[in-house]
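What follows is the content of model_19.cif (mmCIF, C-alpha atoms).
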data_final
loop_
_atom_site.group_PDB
_atom_site.id
_atom_site.type_symbol
_atom_site.label_atom_id
_atom_site.label_comp_id
_atom_site.auth_asym_id
_atom_site.auth_seq_id
_atom_site.Cartn_x
_atom_site.Cartn_y
_atom_site.Cartn_z
ATOM 1 C CA MET A 137 -1.440 19.264 84.359
ATOM 2 C CA THR A 138 -0.730 19.089 80.644
ATOM 3 C CA ILE A 139 -1.958 16.291 78.385
ATOM 4 C CA GLN A 140 -0.252 16.078 75.007
ATOM 5 C CA ILE A 141 -2.124 14.210 72.283
ATOM 6 C CA TRP A 142 -0.475 13.135 69.033
ATOM 7 C CA SER A 143 -3.209 12.576 66.492
ATOM 8 C CA ASP A 144 -4.031 12.525 62.795
ATOM 9 C CA VAL A 145 -7.402 13.773 61.580
ATOM 10 C CA VAL A 146 -7.591 10.942 59.015
ATOM 11 C CA CYS A 147 -7.136 8.317 61.741
ATOM 12 C CA PRO A 148 -10.499 6.784 62.722
ATOM 13 C CA TYR A 149 -9.227 5.615 66.099
ATOM 14 C CA CYS A 150 -7.969 9.126 66.892
ATOM 15 C CA TYR A 151 -11.524 10.529 66.748
ATOM 16 C CA ILE A 152 -12.745 7.622 68.881
ATOM 17 C CA GLY A 153 -9.857 8.206 71.294
ATOM 18 C CA LYS A 154 -10.761 11.887 71.512
ATOM 19 C CA ARG A 155 -14.301 10.974 72.572
ATOM 20 C CA GLU A 156 -13.147 8.373 75.098
ATOM 21 C CA PHE A 157 -10.673 10.838 76.594
ATOM 22 C CA GLU A 158 -13.345 13.549 76.776
ATOM 23 C CA ARG A 159 -15.636 11.146 78.649
ATOM 24 C CA ALA A 160 -12.852 10.427 81.129
ATOM 25 C CA LEU A 161 -12.014 14.102 81.543
ATOM 26 C CA ALA A 162 -15.677 14.910 82.249
ATOM 27 C CA GLN A 163 -15.491 12.543 85.248
ATOM 28 C CA PHE A 164 -12.114 13.804 86.473
ATOM 29 C CA PRO A 165 -12.518 16.038 89.560
ATOM 30 C CA HIS A 166 -9.550 18.238 88.615
ATOM 31 C CA ARG A 167 -10.494 18.702 84.954
ATOM 32 C CA GLU A 168 -10.395 22.507 85.262
ATOM 33 C CA GLN A 169 -6.657 22.219 85.929
ATOM 34 C CA VAL A 170 -5.974 20.073 82.860
ATOM 35 C CA GLN A 171 -4.578 21.662 79.717
ATOM 36 C CA VAL A 172 -4.754 19.656 76.487
ATOM 37 C CA GLU A 173 -2.113 20.232 73.818
ATOM 38 C CA TRP A 174 -2.753 18.742 70.383
ATOM 39 C CA LYS A 175 0.272 17.487 68.442
ATOM 40 C CA SER A 176 0.589 16.778 64.725
ATOM 41 C CA PHE A 177 1.201 13.283 63.362
ATOM 42 C CA GLU A 178 0.754 12.144 59.747
ATOM 43 C CA LEU A 179 -0.026 8.478 59.187
ATOM 44 C CA ASP A 180 1.185 8.835 55.603
ATOM 45 C CA ARG A 181 3.553 11.715 54.872
ATOM 46 C CA GLU A 182 3.790 10.624 51.231
ATOM 47 C CA ALA A 183 0.045 10.736 50.575
ATOM 48 C CA PRO A 184 -1.061 12.787 47.566
ATOM 49 C CA VAL A 185 -3.297 15.794 48.199
ATOM 50 C CA ARG A 186 -6.179 13.638 46.956
ATOM 51 C CA SER A 187 -5.959 9.913 46.369
ATOM 52 C CA PRO A 188 -7.803 8.271 43.450
ATOM 53 C CA ASP A 189 -8.679 5.414 45.824
ATOM 54 C CA ASP A 190 -11.597 5.332 48.227
ATOM 55 C CA MET A 191 -11.057 4.106 51.773
ATOM 56 C CA TYR A 192 -11.661 0.438 50.935
ATOM 57 C CA ASP A 193 -9.234 0.302 48.005
ATOM 58 C CA HIS A 194 -6.690 2.273 50.040
ATOM 59 C CA LEU A 195 -6.822 -0.222 52.916
ATOM 60 C CA ALA A 196 -6.871 -3.219 50.581
ATOM 61 C CA LYS A 197 -3.629 -2.039 48.956
ATOM 62 C CA LYS A 198 -2.017 -1.048 52.264
ATOM 63 C CA TYR A 199 -2.683 -4.351 54.027
ATOM 64 C CA GLY A 200 -2.740 -6.718 51.057
ATOM 65 C CA ARG A 201 -6.425 -7.560 51.470
ATOM 66 C CA THR A 202 -9.366 -7.797 49.130
ATOM 67 C CA ARG A 203 -11.823 -4.927 48.916
ATOM 68 C CA GLU A 204 -14.420 -7.037 50.742
ATOM 69 C CA GLN A 205 -11.951 -7.785 53.546
ATOM 70 C CA ALA A 206 -11.208 -4.072 53.791
ATOM 71 C CA LYS A 207 -14.937 -3.388 54.127
ATOM 72 C CA GLU A 208 -15.126 -5.871 56.993
ATOM 73 C CA MET A 209 -12.201 -4.124 58.717
ATOM 74 C CA VAL A 210 -13.924 -0.771 58.366
ATOM 75 C CA ALA A 211 -17.262 -2.122 59.610
ATOM 76 C CA GLY A 212 -15.625 -3.009 62.930
ATOM 77 C CA VAL A 213 -14.260 0.513 63.318
ATOM 78 C CA VAL A 214 -17.669 2.005 62.461
ATOM 79 C CA GLU A 215 -19.274 -0.087 65.190
ATOM 80 C CA ARG A 216 -16.660 1.014 67.729
ATOM 81 C CA ALA A 217 -17.279 4.646 66.756
ATOM 82 C CA ARG A 218 -20.995 4.216 67.436
ATOM 83 C CA THR A 219 -20.231 3.229 71.032
ATOM 84 C CA VAL A 220 -18.982 6.776 71.634
ATOM 85 C CA GLY A 221 -21.747 8.484 69.663
ATOM 86 C CA LEU A 222 -19.962 8.922 66.333
ATOM 87 C CA GLU A 223 -21.628 8.018 63.035
ATOM 88 C CA TYR A 224 -18.859 7.412 60.515
ATOM 89 C CA ASN A 225 -19.736 7.598 56.807
ATOM 90 C CA MET A 226 -16.723 5.780 55.415
ATOM 91 C CA ASP A 227 -18.232 5.491 51.920
ATOM 92 C CA LYS A 228 -17.931 9.272 51.644
ATOM 93 C CA ALA A 229 -14.414 9.693 53.086
ATOM 94 C CA VAL A 230 -11.985 11.424 50.710
ATOM 95 C CA MET A 231 -8.514 9.919 51.028
ATOM 96 C CA GLY A 232 -5.404 12.050 50.793
ATOM 97 C CA SER A 233 -2.857 14.162 52.648
ATOM 98 C CA SER A 234 -3.609 15.638 56.067
ATOM 99 C CA PHE A 235 -0.571 17.955 56.009
ATOM 100 C CA ASP A 236 -2.420 21.216 55.324
ATOM 101 C CA ALA A 237 -5.063 20.247 57.867
ATOM 102 C CA HIS A 238 -2.285 19.940 60.440
ATOM 103 C CA ARG A 239 -0.967 23.371 59.476
ATOM 104 C CA LEU A 240 -4.468 24.739 60.083
ATOM 105 C CA ILE A 241 -4.536 23.077 63.513
ATOM 106 C CA GLN A 242 -1.202 24.707 64.319
ATOM 107 C CA LEU A 243 -2.651 28.103 63.394
ATOM 108 C CA ALA A 244 -5.729 27.349 65.501
ATOM 109 C CA LYS A 245 -3.444 26.406 68.410
ATOM 110 C CA THR A 246 -2.066 29.963 68.471
ATOM 111 C CA LYS A 247 -5.634 31.255 68.932
ATOM 112 C CA GLY A 248 -6.772 28.747 71.554
ATOM 113 C CA LEU A 249 -8.901 26.911 68.991
ATOM 114 C CA ALA A 250 -6.934 23.695 68.484
ATOM 115 C CA ASP A 251 -9.613 21.463 69.985
ATOM 116 C CA ALA A 252 -12.300 23.075 67.826
ATOM 117 C CA ALA A 253 -10.110 22.550 64.758
ATOM 118 C CA GLU A 254 -9.466 18.893 65.584
ATOM 119 C CA GLU A 255 -13.157 18.233 66.176
ATOM 120 C CA ARG A 256 -14.332 19.945 62.996
ATOM 121 C CA LEU A 257 -11.668 18.291 60.828
ATOM 122 C CA PHE A 258 -12.502 14.842 62.205
ATOM 123 C CA GLN A 259 -16.167 15.525 61.461
ATOM 124 C CA ALA A 260 -15.299 16.754 57.979
ATOM 125 C CA HIS A 261 -13.379 13.614 57.102
ATOM 126 C CA PHE A 262 -15.306 10.841 58.821
ATOM 127 C CA VAL A 263 -18.872 12.127 58.948
ATOM 128 C CA LEU A 264 -19.402 14.685 56.185
ATOM 129 C CA GLY A 265 -17.066 13.381 53.485
ATOM 130 C CA GLU A 266 -15.394 16.754 52.962
ATOM 131 C CA HIS A 267 -11.977 16.859 51.320
ATOM 132 C CA ILE A 268 -9.676 18.162 54.055
ATOM 133 C CA GLY A 269 -6.762 18.402 51.622
ATOM 134 C CA ASP A 270 -8.634 21.089 49.704
ATOM 135 C CA LYS A 271 -7.529 24.595 50.722
ATOM 136 C CA ALA A 272 -10.969 26.115 50.077
ATOM 137 C CA VAL A 273 -12.562 23.522 52.375
ATOM 138 C CA LEU A 274 -9.931 24.233 55.023
ATOM 139 C CA GLN A 275 -10.508 27.986 54.793
ATOM 140 C CA ALA A 276 -14.253 27.472 55.249
ATOM 141 C CA ILE A 277 -13.609 25.269 58.275
ATOM 142 C CA ALA A 278 -11.227 27.894 59.685
ATOM 143 C CA GLU A 279 -13.926 30.565 59.459
ATOM 144 C CA GLU A 280 -16.517 28.231 60.932
ATOM 145 C CA ILE A 281 -14.474 27.636 64.110
ATOM 146 C CA GLY A 282 -13.737 31.339 64.587
ATOM 147 C CA LEU A 283 -10.450 31.914 62.766
ATOM 148 C CA ASP A 284 -9.954 34.846 60.422
ATOM 149 C CA GLY A 285 -10.620 33.578 56.911
ATOM 150 C CA ASN A 286 -8.069 35.857 55.251
ATOM 151 C CA GLU A 287 -5.361 34.848 57.718
ATOM 152 C CA ALA A 288 -6.155 31.185 57.131
ATOM 153 C CA ALA A 289 -6.092 31.645 53.352
ATOM 154 C CA GLU A 290 -2.709 33.411 53.500
ATOM 155 C CA MET A 291 -1.315 30.662 55.733
ATOM 156 C CA LEU A 292 -2.554 27.906 53.431
ATOM 157 C CA ALA A 293 -1.171 29.655 50.334
ATOM 158 C CA ALA A 294 2.301 29.820 51.889
ATOM 159 C CA ASP A 295 4.307 27.310 53.932
ATOM 160 C CA ALA A 296 3.473 28.747 57.366
ATOM 161 C CA PHE A 297 3.463 26.306 60.303
ATOM 162 C CA THR A 298 5.290 23.636 58.304
ATOM 163 C CA GLU A 299 8.075 23.731 60.890
ATOM 164 C CA ALA A 300 5.568 23.380 63.749
ATOM 165 C CA VAL A 301 4.064 20.247 62.165
ATOM 166 C CA GLU A 302 7.506 18.782 61.535
ATOM 167 C CA ALA A 303 8.639 19.608 65.079
ATOM 168 C CA ASP A 304 5.702 17.679 66.551
ATOM 169 C CA GLU A 305 6.453 14.722 64.300
ATOM 170 C CA TYR A 306 10.145 14.810 65.210
ATOM 171 C CA GLU A 307 9.250 14.888 68.900
ATOM 172 C CA ALA A 308 6.982 11.878 68.388
ATOM 173 C CA GLN A 309 9.834 10.034 66.702
ATOM 174 C CA GLN A 310 12.181 10.889 69.572
ATOM 175 C CA ILE A 311 9.879 9.482 72.249
ATOM 176 C CA GLY A 312 9.057 6.373 70.227
ATOM 177 C CA VAL A 313 5.527 7.083 69.022
ATOM 178 C CA ARG A 314 4.739 4.528 66.312
ATOM 179 C CA GLY A 315 1.000 5.001 66.041
ATOM 180 C CA VAL A 316 -1.778 7.349 67.090
ATOM 181 C CA PRO A 317 -3.637 8.415 69.102
ATOM 182 C CA PHE A 318 -0.852 8.732 71.647
ATOM 183 C CA PHE A 319 -1.379 10.542 74.940
ATOM 184 C CA VAL A 320 1.329 11.811 77.302
ATOM 185 C CA LEU A 321 0.101 12.812 80.753
ATOM 186 C CA ASP A 322 2.123 15.325 82.742
ATOM 187 C CA ASN A 323 5.293 14.396 80.795
ATOM 188 C CA LYS A 324 5.327 11.075 82.679
ATOM 189 C CA TYR A 325 2.646 8.609 81.643
ATOM 190 C CA ALA A 326 1.877 7.406 78.149
ATOM 191 C CA VAL A 327 -1.399 5.954 76.922
ATOM 192 C CA SER A 328 -1.375 4.496 73.431
ATOM 193 C CA GLY A 329 -4.453 3.901 71.315
ATOM 194 C CA ALA A 330 -8.176 4.581 71.633
ATOM 195 C CA GLN A 331 -8.511 3.131 75.119
ATOM 196 C CA HIS A 332 -11.843 3.108 76.925
ATOM 197 C CA SER A 333 -12.710 6.069 79.118
ATOM 198 C CA ASP A 334 -12.181 4.163 82.383
ATOM 199 C CA HIS A 335 -8.577 3.479 81.351
ATOM 200 C CA PHE A 336 -8.013 7.167 80.635
ATOM 201 C CA LEU A 337 -9.650 8.132 83.918
ATOM 202 C CA GLY A 338 -7.351 5.783 85.820
ATOM 203 C CA ALA A 339 -4.319 7.279 84.085
ATOM 204 C CA LEU A 340 -5.479 10.816 84.880
ATOM 205 C CA GLU A 341 -5.986 9.924 88.531
ATOM 206 C CA GLN A 342 -2.582 8.253 88.787
ATOM 207 C CA ALA A 343 -0.792 11.185 87.152
ATOM 208 C CA TRP A 344 -2.611 13.607 89.476
ATOM 209 C CA ARG A 345 -1.724 11.605 92.601
ATOM 210 C CA GLU A 346 1.942 11.581 91.665
ATOM 211 C CA ARG A 347 1.846 15.275 90.851
ATOM 212 C CA THR A 348 0.329 16.269 94.188
ATOM 213 C CA ALA A 349 2.549 13.886 96.174
ATOM 214 C CA ASN A 350 5.680 15.770 95.142
#

With the file now loaded, output its structure as structure tokens.
Amino acid sequence: MTIQIWSDVVCPYCYIGKREFERALAQFPHREQVQVEWKSFELDREAPVRSPDDMYDHLAKKYGRTREQAKEMVAGVVERARTVGLEYNMDKAVMGSSFDAHRLIQLAKTKGLADAAEERLFQAHFVLGEHIGDKAVLQAIAEEIGLDGNEAAEMLAADAFTEAVEADEYEAQQIGVRGVPFFVLDNKYAVSGAQHSDHFLGALEQAWRERTAN
């Protein structure tokens, strides 16, 4: 059974959703027969490589709030992250484009390392405050998760995997994905948002029952 997950590594709820889904999968009796496929999705395709704004100013401008209101919004997300064992350091987050990070994930996908890439990029952005739009940072992350550093550097210097990123985003558009995380189970059932693990588990069980009934 295949689970497709559209996600952006600069989306705080996507990292939370990853953890909630992993908790559900750990309880799923048929987890060894589940294959997860990560899909690219950019929350802001027009984002500069590095924004001059920090997270609070970025959100204040995006939603027409004050900086203090933006901080309150973020505090709620940080608390939710803690419930799944994640310690977000939003003061350190570097805002900017996730496009090259998605190209790296696409490369990692060809080597069976997509999940490792997603995890490390989420950690880089939300926990460590690393700039995931920086090609040198991305190359170091590639090597850390087991990719060939030279291959990653060559990919990042060119436009490789651009079409793969765009194809995922086009597919998302075609099936009506408006926000992430977005999960599609067995090409039948959709789960939108960072739902709690029991919700994911119920969806997994339902999809499995339907699959085995046919």

Long-range neighbours of region 336-343 of chain A as a short mmCIF file (atom, residue, chain, number, x, y, z; two decimals) with C-alpha atoms, in the frame of the given file, 12 Å cut-off, all atoms listed in the file, 6 positions minimum in chain:
data_model
loop_
_atom_site.label_atom_id
_atom_site.label_comp_id
_atom_site.auth_asym_id
_atom_site.auth_seq_id
_atom_site.Cartn_x
_atom_site.Cartn_y
_atom_site.Cartn_z
CA MET A 137 -1.44 19.26 84.36
CA THR A 138 -0.73 19.09 80.64
CA ILE A 139 -1.96 16.29 78.39
CA GLY A 153 -9.86 8.21 71.29
CA LYS A 154 -10.76 11.89 71.51
CA ARG A 155 -14.30 10.97 72.57
CA GLU A 156 -13.15 8.37 75.10
CA PHE A 157 -10.67 10.84 76.59
CA GLU A 158 -13.34 13.55 76.78
CA ARG A 159 -15.64 11.15 78.65
CA ALA A 160 -12.85 10.43 81.13
CA LEU A 161 -12.01 14.10 81.54
CA ALA A 162 -15.68 14.91 82.25
CA GLN A 163 -15.49 12.54 85.25
CA PHE A 164 -12.11 13.80 86.47
CA PRO A 165 -12.52 16.04 89.56
CA HIS A 166 -9.55 18.24 88.62
CA ARG A 167 -10.49 18.70 84.95
CA GLN A 169 -6.66 22.22 85.93
CA VAL A 170 -5.97 20.07 82.86
CA PHE A 318 -0.85 8.73 71.65
CA PHE A 319 -1.38 10.54 74.94
CA VAL A 320 1.33 11.81 77.30
CA LEU A 321 0.10 12.81 80.75
CA ASP A 322 2.12 15.32 82.74
CA ASN A 323 5.29 14.40 80.80
CA LYS A 324 5.33 11.08 82.68
CA TYR A 325 2.65 8.61 81.64
CA ALA A 326 1.88 7.41 78.15
CA VAL A 327 -1.40 5.95 76.92
CA SER A 328 -1.38 4.50 73.43
CA GLY A 329 -4.45 3.90 71.32
CA ALA A 330 -8.18 4.58 71.63
CA ALA A 349 2.55 13.89 96.17
CA ASN A 350 5.68 15.77 95.14
#

Using only C-alpha atoms, pick whichever of A:Ile152, A:Ala288, A:Met191, A:Ala196 has the shortest atom-to-atom distance to Thr219 (chain A).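 Checking each candidate against Thr219 (chain A), we get A:Ile152 as the closest.
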
Measuring atom to atom with all atoms listed in the file, identify which of A:Cys147, A:Leu257, A:Leu249, A:Leu240 is nearest to Ala296 (chain A).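 The closest residue to Ala296 (chain A) is A:Leu240.
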
Could you check how far CA of Val273 (chain A) sits from CA of Asn225 (chain A), in Å to one decimal?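 One can read the CA of Val273 (chain A) to CA of Asn225 (chain A) distance as 18.0 Å.
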
Interatomic distance, CA of Asp190 (chain A) to CA of Asp227 (chain A) (Å, one decimal): 7.6 Å

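Distances from A:Leu195, A:Ala300, A:Val146, A:Val220 to Ile268 (chain A) were compared using all atoms listed in the file, and the smallest one belongs to A:Val146.
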
Take the PyMOL selection byres ((chain A and resi 184) around 6), apply it to the structure above, and return the hits as a ChimeraX atom specification. /A:183,185-187,232-233

Quick check on the file I pasted: which residues fall under the PyMOL selection byres ((chain A and resi 192) around 9)? Write them as a PyMOL selection string. chain A and resi 189-191+193-197+202-207+210+226-227

Hey, can I get the axis-aligned box for region 213-229 of chain A? All listed atoms, 4 Å padding on each side, centre and edge lengths in Å to one decimal, as JSON.
{"center_x": -18.0, "center_y": 4.8, "center_z": 61.6, "size_x": 15.5, "size_y": 17.8, "size_z": 28.0}

Result set of the PyMOL selection byres ((chain A and resi 274-276) around 8) on the coordinates above, as number ranges by chain: A: 237, 240, 268-273, 277-280, 285, 288-289

May I ask for the distance between CA of Glu178 (chain A) and CA of His267 (chain A), given in Å to one decimal place? 16.0 Å

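Distance check against Ala303 (chain A) using all atoms listed in the file: of A:Lys245, A:Ser234, A:Phe177, A:Arg345, the minimum falls on A:Phe177.
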
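When only C-alpha atoms are used to measure the gap to Ser143 (chain A), the shortest distance among A:Ala308, A:Glu182, A:Leu292, A:Trp174 belongs to A:Trp174.
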
Counting only C-alpha atoms, the option among A:Gln309, A:Gln259, A:Gln242, A:Gln140 closest to Phe297 (chain A): A:Gln242

Polymer residues at most 6 Å from (-11.3, 9.2, 55.7) by all atoms listed in the file, as a PyMOL selection string: chain A and resi 146+229-231+261-262

Would you export the selected residues with C-alpha atoms as a PDB file, keeping the file's coordinate frame, please?
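Result file is part.pdb:
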ATOM      1  CA  VAL A 146      -7.591  10.942  59.015  1.00  0.00           C
ATOM      2  CA  ALA A 229     -14.414   9.693  53.086  1.00  0.00           C
ATOM      3  CA  VAL A 230     -11.985  11.424  50.710  1.00  0.00           C
ATOM      4  CA  MET A 231      -8.514   9.919  51.028  1.00  0.00           C
ATOM      5  CA  HIS A 261     -13.379  13.614  57.102  1.00  0.00           C
ATOM      6  CA  PHE A 262     -15.306  10.841  58.821  1.00  0.00           C
TER       7      PHE A 262
END
